[in-house]
There are 2 protein chains.
Amino acid sequence: MEKIPTLADIEAAAERIKPYAHRTPMLTCQTIDQMLDMQLFFKCENLQKVGAFKFRGATNAVFAMDATAAEKGVATHSSGNHAQALALAAKIRGIPAHIVMPETAPAVKKAAVAGYGAKITFCKPTLEARESTLAGVVAETGATFVHPYDNTYIVAGQATAAKEMLADEADGFDVLMAPVGGGGLASGTALTARYLSPKTVVIAGEPTGADDAYRSMKENKRLPSINPQTIADGLLTSLGELSFAIIRDYVQEIVTVSEDAIVQAMRLVWERMKIIIEPSSAVPLAVLLEHDLGLQGKRVGIIISGGNVDLGKLPW
Amino acid sequence: MEKIPTLADIEAAAERIKPYAHRTPMLTCQTIDQMLDMQLFFKCENLQKVGAFKFRGATNAVFAMDATAAEKGVATHSSGNHAQALALAAKIRGIPAHIVMPETAPAVKKAAVAGYGAKITFCKPTLEARESTLAGVVAETGATFVHPYDNTYIVAGQATAAKEMLADEADGFDVLMAPVGGGGLASGTALTARYLSPKTVVIAGEPTGADDAYRSMKENKRLPSINPQTIADGLLTSLGELSFAIIRDYVQEIVTVSEDAIVQAMRLVWERMKIIIEPSSAVPLAVLLEHDLGLQGKRVGIIISGGNVDLGKLPW
């Protein structure tokens, strides 16, 4: 298994990405606070570069490489935010990025990755095709494979979002919440809380239609995400070995939510907070809207994971 | 004419609204910077309370009132952001707010104003009906009329947005831009620039379909907005006496833009910056997209005036 990031790894990540990543703002919203009778703080990673927290991990991974390895570039398979993040981080460092994408990926995502100067290799939209195509690309180019979450540097990078939240709010948080897909953000957040604010409870939100992390926690064993169905398209993937090991030990609870609650939470944030968040980002707030977790009066920090949505296809 | 706010008035406004208003973030966007070859800074008043800069002026006006006057409340006619802003400011101070709205106002706007506890009086959708209804309300209640922009306290309040921008960017701005409707924001911005950064050029953007400020500047006389047609529904009103006097002397240029450019700029901000801005807010960026003002390489601050849009009726 990849190494669990130490506090020093997270601090190094924060220093490493500082010149390149936005220090995103944390917003509050009285209306939502009053609806829920809590004090909520929204860390806006939708305002991060490439519109997602993924830029943190990708930048940390790219800039941690030694010069010899870096020269040969990085590679990954993704059609989502990680691909864009890795492409931009590589562009900034001036090294090649090779992205394996399913030929069925939306044109806008292909264009975004290409726009950052990455070399795209298309493959059939199956896990096998993706992995074999990536293996081919790595063998041919010598590029370093940067997994979207099963990677120490990636998790350490994602952990820096919660670190900034703690730095910005001297009174800290009773609870920190993040969505869970592959688990990079949830595990990074849990590590930061454990190292820097052990009293803070970490709760992850997951769509009922893609509840592999919930089931994995329950059965204490990493279970795959089989045929996931959710509008939260950033949360379709299964946990990694590394993220599961961290989440199992340091995330106190995973709570699942309905699709309706996700759309309702997403629209509420758009309407009341005036920020564009993708469905995956709405999952933690959906948890609070749909379930009474007894958090009335508490200080709850929520990481808004990203804001990449197709404005021509909104769910309302 | 109402008094032109002094620097001391603006400083007092900043202190007065500090406990109530958000100190909104200023965001940057590399993609748009590269498109335009400028360094842009977006002051996000869409993230202000009630989703618009109007909360600044309204709060300043409400909290500047002496106790005797305040007890009788405030009144205004508006179906837009000023109504919500005044209603919320009055609610915070614990005084009545009387809002005269056309019976044709969108249900969502009526609900928002009512939600802040204001008393709404409906009238026919004509200027005469609005003014006579308001006069009746004021006569009956003794409330103080707070004009949306032709008011020293309102202009001083709106001026605080630019003041925060200057405080946040030690290197200052070559240019500050705001949209111009009634002129409260544009005039406040121009005053702040004149007092605190006289080298900064102030440029206002206006829709071609509602170009009364442009025409007023050209003819050096305040001209009314006649049958304005624009998607930028916050910019339909005519300049006030006060705002015209300030804009005439301290705004260097008013530039008009097409509806297409407004929608294009609005969508660009939604897609690349992940924030929700209303059409009026897109006007200054539309100016830069549609016209070459020779600002390449310059530091340009843009005030994003608000984010109140109907998410069910988007212009794309």
# chains A, B, ... in the order shown; residues from 1 in each chain; ligands from 1

$ interface_residues --of "chain A" --to "chain B" --cutoff "6 Å" --atoms "only C-alpha atoms" --output "PyMOL selection string"
chain A and resi 274-276+307

$ residues_around --residues "Ala170 (chain A)" --least-positions-apart "5" --cutoff "12 Å" --atoms "only C-alpha atoms" --output "PDB file with all heavy atoms, in the first residue's frame"
ATOM      1  N   LYS A 163      -6.594  21.998   5.877  1.00  0.00           N
ATOM      2  CA  LYS A 163      -5.554  22.727   6.617  1.00  0.00           C
ATOM      3  C   LYS A 163      -5.801  24.236   6.526  1.00  0.00           C
ATOM      4  O   LYS A 163      -5.692  24.965   7.522  1.00  0.00           O
ATOM      5  CB  LYS A 163      -4.183  22.362   6.052  1.00  0.00           C
ATOM      6  CG  LYS A 163      -3.004  22.990   6.772  1.00  0.00           C
ATOM      7  CD  LYS A 163      -1.695  22.366   6.298  1.00  0.00           C
ATOM      8  CE  LYS A 163      -0.505  22.945   7.052  1.00  0.00           C
ATOM      9  NZ  LYS A 163      -0.227  24.341   6.724  1.00  0.00           N
ATOM     10  N   GLU A 164      -6.143  24.715   5.348  1.00  0.00           N
ATOM     11  CA  GLU A 164      -6.447  26.141   5.190  1.00  0.00           C
ATOM     12  C   GLU A 164      -7.700  26.533   5.978  1.00  0.00           C
ATOM     13  O   GLU A 164      -7.769  27.626   6.556  1.00  0.00           O
ATOM     14  CB  GLU A 164      -6.647  26.476   3.705  1.00  0.00           C
ATOM     15  CG  GLU A 164      -5.351  26.430   2.895  1.00  0.00           C
ATOM     16  CD  GLU A 164      -5.546  26.645   1.400  1.00  0.00           C
ATOM     17  OE1 GLU A 164      -6.676  26.970   0.974  1.00  0.00           O
ATOM     18  OE2 GLU A 164      -4.582  26.477   0.640  1.00  0.00           O
ATOM     19  N   MET A 165      -8.674  25.647   5.997  1.00  0.00           N
ATOM     20  CA  MET A 165      -9.904  25.944   6.759  1.00  0.00           C
ATOM     21  C   MET A 165      -9.580  26.146   8.235  1.00  0.00           C
ATOM     22  O   MET A 165     -10.062  27.086   8.869  1.00  0.00           O
ATOM     23  CB  MET A 165     -10.909  24.798   6.626  1.00  0.00           C
ATOM     24  CG  MET A 165     -11.417  24.581   5.213  1.00  0.00           C
ATOM     25  SD  MET A 165     -12.454  23.094   5.059  1.00  0.00           S
ATOM     26  CE  MET A 165     -14.016  23.686   5.741  1.00  0.00           C
ATOM     27  N   SER A 197      -6.541  18.902  14.506  1.00  0.00           N
ATOM     28  CA  SER A 197      -7.742  19.226  15.290  1.00  0.00           C
ATOM     29  C   SER A 197      -8.451  17.930  15.670  1.00  0.00           C
ATOM     30  O   SER A 197      -9.556  17.640  15.191  1.00  0.00           O
ATOM     31  CB  SER A 197      -8.668  20.119  14.453  1.00  0.00           C
ATOM     32  OG  SER A 197      -9.833  20.430  15.178  1.00  0.00           O
ATOM     33  N   ARG A 299     -20.521  24.027  14.803  1.00  0.00           N
ATOM     34  CA  ARG A 299     -19.734  24.658  13.734  1.00  0.00           C
ATOM     35  C   ARG A 299     -19.307  23.566  12.760  1.00  0.00           C
ATOM     36  O   ARG A 299     -18.517  22.693  13.118  1.00  0.00           O
ATOM     37  CB  ARG A 299     -18.507  25.337  14.323  1.00  0.00           C
ATOM     38  CG  ARG A 299     -18.851  26.503  15.258  1.00  0.00           C
ATOM     39  CD  ARG A 299     -17.636  26.969  16.050  1.00  0.00           C
ATOM     40  NE  ARG A 299     -16.551  27.392  15.171  1.00  0.00           N
ATOM     41  CZ  ARG A 299     -16.440  28.614  14.653  1.00  0.00           C
ATOM     42  NH1 ARG A 299     -17.338  29.536  14.964  1.00  0.00           N
ATOM     43  NH2 ARG A 299     -15.440  28.903  13.868  1.00  0.00           N
TER      44      ARG A 299
END

$ select_by_dssp --residues "region 73-157 of chain B" --states "strand (DSSP E)" --output "number ranges by chain"
B: 74-77, 97-102, 119-123, 144-145

$ write_last_selection --atoms "C-alpha atoms" --output "short mmCIF file (atom, residue, chain, number, x, y, z; two decimals), in the first residue's frame"
data_model
loop_
_atom_site.label_atom_id
_atom_site.label_comp_id
_atom_site.auth_asym_id
_atom_site.auth_seq_id
_atom_site.Cartn_x
_atom_site.Cartn_y
_atom_site.Cartn_z
CA VAL B 74 -37.80 53.13 6.03
CA ALA B 75 -39.62 52.96 2.73
CA THR B 76 -38.73 52.60 -0.92
CA HIS B 77 -40.12 51.57 -4.28
CA ALA B 97 -39.44 48.47 6.11
CA HIS B 98 -42.19 49.43 3.67
CA ILE B 99 -41.62 48.35 0.10
CA VAL B 100 -43.76 49.49 -2.80
CA MET B 101 -43.62 46.92 -5.60
CA PRO B 102 -45.43 46.64 -8.92
CA LYS B 119 -44.41 45.21 4.53
CA ILE B 120 -45.20 45.19 0.82
CA THR B 121 -47.65 47.54 -0.84
CA PHE B 122 -48.47 46.62 -4.41
CA CYS B 123 -49.14 49.17 -7.13
CA THR B 144 -38.03 57.71 5.76
CA PHE B 145 -37.82 57.29 2.01
#

$ atom_distance --atom1 "CA of Val201 (chain B)" --atom2 "CA of Asp174 (chain B)"
6.2 Å

$ select_by_dssp --residues "region 29-136 of chain A" --states "alpha helix (DSSP H)" --output "number ranges by chain"
A: 30-36, 54-64, 67-71, 81-93, 107-115, 127-136

$ closest_residue --among "B:Ala156, B:Ile17, B:Ala8, B:Leu166" --to "Ile92 (chain B)" --atoms "only C-alpha atoms"
B:Ile17

$ atom_distance --atom1 "CA of Gly136 (chain A)" --atom2 "CA of Val62 (chain A)"
20.6 Å

$ atom_distance --atom1 "CA of Ser187 (chain A)" --atom2 "CA of Gly240 (chain A)"
10.3 Å

$ decode --residues "region 57-82 of chain B" --atoms "N, CA, C and O atoms" --output "compact mmCIF listing (two decimals), in the first residue's frame"
# COMPACT_ATOMS: atom_id res chain seq x y z
N GLY B 57 -25.13 50.04 0.61
CA GLY B 57 -25.77 51.34 0.71
C GLY B 57 -26.97 51.32 1.65
O GLY B 57 -27.14 52.22 2.48
N ALA B 58 -27.78 50.28 1.51
CA ALA B 58 -28.99 50.20 2.33
C ALA B 58 -28.62 50.12 3.81
O ALA B 58 -29.25 50.78 4.66
N THR B 59 -27.61 49.33 4.12
CA THR B 59 -27.21 49.19 5.52
C THR B 59 -26.65 50.50 6.05
O THR B 59 -26.93 50.90 7.19
N ASN B 60 -25.89 51.19 5.22
CA ASN B 60 -25.36 52.47 5.65
C ASN B 60 -26.49 53.46 5.93
O ASN B 60 -26.50 54.14 6.95
N ALA B 61 -27.46 53.51 5.02
CA ALA B 61 -28.58 54.44 5.20
C ALA B 61 -29.38 54.10 6.45
O ALA B 61 -29.74 54.99 7.24
N VAL B 62 -29.65 52.83 6.66
CA VAL B 62 -30.49 52.42 7.80
C VAL B 62 -29.78 52.68 9.12
O VAL B 62 -30.38 53.19 10.08
N PHE B 63 -28.49 52.37 9.18
CA PHE B 63 -27.80 52.51 10.47
C PHE B 63 -27.32 53.94 10.73
O PHE B 63 -26.90 54.25 11.84
N ALA B 64 -27.40 54.80 9.72
CA ALA B 64 -27.05 56.21 9.94
C ALA B 64 -28.23 57.00 10.52
O ALA B 64 -28.06 58.12 10.99
N MET B 65 -29.41 56.42 10.49
CA MET B 65 -30.59 57.16 10.96
C MET B 65 -30.56 57.33 12.48
O MET B 65 -30.15 56.43 13.20
N ASP B 66 -31.05 58.49 12.94
CA ASP B 66 -31.15 58.64 14.40
C ASP B 66 -32.33 57.82 14.92
O ASP B 66 -33.21 57.40 14.16
N ALA B 67 -32.34 57.59 16.22
CA ALA B 67 -33.30 56.65 16.80
C ALA B 67 -34.75 57.04 16.55
O ALA B 67 -35.60 56.18 16.28
N THR B 68 -35.04 58.33 16.61
CA THR B 68 -36.42 58.78 16.44
C THR B 68 -36.94 58.48 15.04
O THR B 68 -38.03 57.94 14.85
N ALA B 69 -36.13 58.84 14.04
CA ALA B 69 -36.53 58.58 12.66
C ALA B 69 -36.58 57.08 12.41
O ALA B 69 -37.49 56.56 11.75
N ALA B 70 -35.57 56.39 12.93
CA ALA B 70 -35.47 54.96 12.66
C ALA B 70 -36.71 54.21 13.14
O ALA B 70 -37.20 53.29 12.47
N GLU B 71 -37.24 54.64 14.28
CA GLU B 71 -38.40 53.97 14.85
C GLU B 71 -39.57 53.87 13.88
O GLU B 71 -40.32 52.90 13.88
N LYS B 72 -39.69 54.90 13.05
CA LYS B 72 -40.80 54.91 12.08
C LYS B 72 -40.49 54.11 10.81
O LYS B 72 -41.35 53.97 9.96
N GLY B 73 -39.27 53.67 10.72
CA GLY B 73 -38.95 52.78 9.61
C GLY B 73 -38.48 53.46 8.35
O GLY B 73 -38.31 54.69 8.31
N VAL B 74 -38.27 52.66 7.33
CA VAL B 74 -37.80 53.13 6.03
C VAL B 74 -38.78 52.66 4.96
O VAL B 74 -39.53 51.71 5.17
N ALA B 75 -38.73 53.33 3.83
CA ALA B 75 -39.62 52.96 2.73
C ALA B 75 -38.90 53.17 1.41
O ALA B 75 -38.02 54.03 1.29
N THR B 76 -39.27 52.37 0.42
CA THR B 76 -38.73 52.60 -0.92
C THR B 76 -39.64 51.93 -1.94
O THR B 76 -40.51 51.13 -1.60
N HIS B 77 -39.45 52.30 -3.21
CA HIS B 77 -40.12 51.57 -4.28
C HIS B 77 -39.05 50.88 -5.10
O HIS B 77 -38.08 51.49 -5.53
N SER B 78 -39.21 49.60 -5.26
CA SER B 78 -38.22 48.82 -5.99
C SER B 78 -38.76 47.41 -6.09
O SER B 78 -39.47 46.93 -5.20
N SER B 79 -38.46 46.75 -7.18
CA SER B 79 -38.81 45.33 -7.21
C SER B 79 -37.53 44.52 -7.23
O SER B 79 -37.52 43.33 -7.40
N GLY B 80 -36.42 45.21 -7.04
CA GLY B 80 -35.15 44.53 -7.26
C GLY B 80 -34.31 44.39 -6.01
O GLY B 80 -34.82 44.26 -4.89
N ASN B 81 -33.01 44.45 -6.23
CA ASN B 81 -32.07 44.16 -5.16
C ASN B 81 -32.12 45.21 -4.04
O ASN B 81 -31.87 44.89 -2.88
N HIS B 82 -32.42 46.46 -4.38
CA HIS B 82 -32.48 47.50 -3.34
C HIS B 82 -33.59 47.19 -2.34
O HIS B 82 -33.42 47.42 -1.14
